[in-house]
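Heads up, the thing below is written out as structure tokens.
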Amino acid sequence: MSVKFKISGRERKILLIAAAGAFLIFNYLVVWDWIGTALSKQKELGQLRAELQKRRAVVARTSEWEGEIRSLKTRYKLDGPKGEENSEWLPRLENLAKRSGLNVTNRRPLPEKRTAFGTESGVNYSIEGGQEALVKFLYALQRDPANPQVLLLQITPESPNVDKLRVEATILVTRYNL
């Protein structure tokens with residue numbers, strides 16, 4: 001026994017419209033979402049490729065930068081033997097003081113301190129001299145290639161005459177780990 005369904009023209013139109021609607025809703029919810037995801041992933045992939053090219057360019061320049069670092073270490077003598085660094089810059093600072101017209105009366109080296117960037121070593125100085133000599137000394141310190149930093153500077157007139165000063169200074173030098 002076979003059952004035959006007879007669909008009228010109006011029912012056929014409604015069925016066709018419902019099938020078309022279901023097809024459009026399926027495309028909107030599923031297919032367009034897949035297409036949108038694929039397009040965003042493709043855009044993200046393009047950005048990652050551009051970032052990869054930038055990083056490859058940086059890696060390609062590392063040998064050039066290593067050469068520059070070696071030349072800077074040589075120029076500023078950053079690769080000196082360990083433990084002798086103070087003997088290099090302490091006499092140089094005292095010579096700067098003498099050339100500026102100051103008299104170093106006392107020198108107390110500070111213990112070396114390791115930091116994340118390198119090694120800090122310093123010295124406490126007791127210095128005597130005039131204002132002009134002190135200005136010359138501080139200017140010479142600023143221009144020194146070891147880049148010493150004046151951490152503490154205490155200036156006291158030695159007498160009612162301001163021409164002679166007693167200066168207590170703490171000067172630090174950092175040797176960077178390159």
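Labels for the structure tokens follow display order: chains A, B, ..., residues from 1 in each chain, ligands from 1.
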
Next item on the list: Enumerate the residues of region 7-86 of chain A with a DSSP assignment of alpha helix (DSSP H), computed from the backbone, and present them as a ChimeraX atom specification.
Entry: /A:9-26,32-60,62-76,85-86

Next item on the list: Using only C-alpha atoms, determine which residues lie at most 7 Å from region 127-133 of chain A, disregarding the query and same-chain residues fewer than 2 positions distant; provide the list as a ChimeraX atom specification.
Entry: /A:100-105,125,135-137,163-168

If you take only C-alpha atoms and a cut-off of 12 Å, which residues of region 51-133 of chain A touch region 148-151 of chain A, and what are their nearest atom pairs and distances in Å to one decimal, in chain and number order, as CSV?
```
residue,atom,partner,partner_atom,distance
A:Asn86,CA,A:Pro148,CA,11.9
A:Trp89,CA,A:Pro148,CA,9.1
A:Leu90,CA,A:Pro148,CA,10.4
A:Arg92,CA,A:Pro148,CA,11.0
A:Leu93,CA,A:Pro148,CA,9.1
A:Glu120,CA,A:Pro148,CA,10.1
A:Ser121,CA,A:Pro148,CA,9.8
A:Gly122,CA,A:Pro148,CA,8.8
A:Val123,CA,A:Val150,CA,10.0
A:Asn124,CA,A:Leu151,CA,9.7
A:Tyr125,CA,A:Val150,CA,10.7
```

Please write the residues from the selection above to a file, keeping C-alpha atoms, as a short mmCIF file (atom, residue, chain, number, x, y, z; two decimals), in the first residue's frame.
```
data_model
loop_
_atom_site.label_atom_id
_atom_site.label_comp_id
_atom_site.auth_asym_id
_atom_site.auth_seq_id
_atom_site.Cartn_x
_atom_site.Cartn_y
_atom_site.Cartn_z
CA ASN A 86 89.79 50.93 41.07
CA TRP A 89 90.17 55.44 37.85
CA LEU A 90 91.08 56.45 41.42
CA ARG A 92 92.83 59.57 37.46
CA LEU A 93 90.30 61.29 39.75
CA GLU A 120 79.68 49.88 41.34
CA SER A 121 82.78 51.04 43.12
CA GLY A 122 83.29 54.33 44.85
CA VAL A 123 85.43 56.45 47.08
CA ASN A 124 84.88 59.08 49.77
CA TYR A 125 87.15 62.08 49.32
#
```

Item checked: Backbone-only DSSP, strand (DSSP E or B) members of region 11-167 of chain A, as an NGL selection string -> :A and (103-109 or 113-114 or 118-129 or 149-157 or 165-167)

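Contact shell of Tyr176 (chain A) at 9 Å (only C-alpha atoms; same-chain neighbours under 3 positions omitted): Leu78, Phe117, Gly118, Thr119 and Glu120 of chain A.
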